[in-house]
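The block underneath contains the structure these notes are about, expressed in structure tokens.
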Amino acid sequence: PGEVYFTSGATEANNWALKGLVQELKAQGIVVLATNVHAPVIDFARRTGLLDSIGEENLFPTVNDAVRFAEAAAPAAVEQDARPASQAT
């Protein structure tokens with residue numbers, strides 16, 4: 001690797017990695033939609049700035065709500081076999 005960073009703990013490292021990932025995806029024109037996010041996680045994301053990276057407008061109560069939003073915003077970008085990342089193989 002070209003650079004190595006040390007953090008004080010896993011939470012800081014995870015937050016930093018997620019922010020970098022979201023920023024990289026945005027640079028590629030990919031929007032991150034988050035669903036079923038628990039209030040404490042949203043509070044943490046807000047405090048750490050991660051929510052600023054994702055965008056509060058991209059939080060949805062259910063996967064179906066996120067898919068409907070995506071289909072309305074960019075129908076050609078939504079694949080018919082779209083599924084949550086947690087179910088990807």
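Chain lettering (A, B, ...) mirrors the order of the structure tokens, residue numbering begins at 1 for each chain separately, and ligand numbering begins at 1 in order of display.
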
Need the shell around Ile54 of chain A: protein/DNA/RNA residues with any atom at most 8 Å away, counting only C-alpha atoms. Skip same-chain ones fewer than 4 positions apart. Format as a PDB file with C-alpha atoms, in the first residue's frame?
ATOM      1  CA  VAL A  22     -19.216   6.519   0.029  1.00  0.00           C
ATOM      2  CA  VAL A  32     -25.727   4.854  -1.657  1.00  0.00           C
ATOM      3  CA  LEU A  33     -29.218   4.171  -0.324  1.00  0.00           C
ATOM      4  CA  LEU A  50     -20.929   9.861   7.827  1.00  0.00           C
ATOM      5  CA  ASN A  58     -30.903   8.620   1.027  1.00  0.00           C
TER       6      ASN A  58
END

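The residue that comes closest to Asn14 of chain A, out of A:Ala72, A:Ala45, A:Ala39, A:Ile30 and on the basis of only C-alpha atoms, is A:Ala45.
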
Contact residues around Tyr5 of chain A with only C-alpha atoms at 12 Å, ignoring same-chain residues under 6 positions, as a PyMOL selection string: chain A and resi 12-13+16-17

Option closest in space to Arg46 of chain A, from A:Asn15, A:Thr7, A:Pro1, A:Glu24 [counting only C-alpha atoms]: A:Asn15

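All residues within segment 15-46 of chain A that the backbone DSSP calculation assigns to alpha helix (DSSP H) are A:Asn15, A:Trp16, A:Ala17, A:Leu18, A:Lys19, A:Gly20, A:Leu21, A:Val22, A:Gln23, A:Glu24, A:Leu25, A:Lys26, A:Ala27, A:Ala39, A:Pro40, A:Val41, A:Ile42, A:Asp43, A:Phe44, A:Ala45, A:Arg46.
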
Residue with smallest distance to Val37 of chain A - pool A:Pro61, A:Gly55, A:Gly20, A:Gly49, counting only C-alpha atoms: A:Pro61
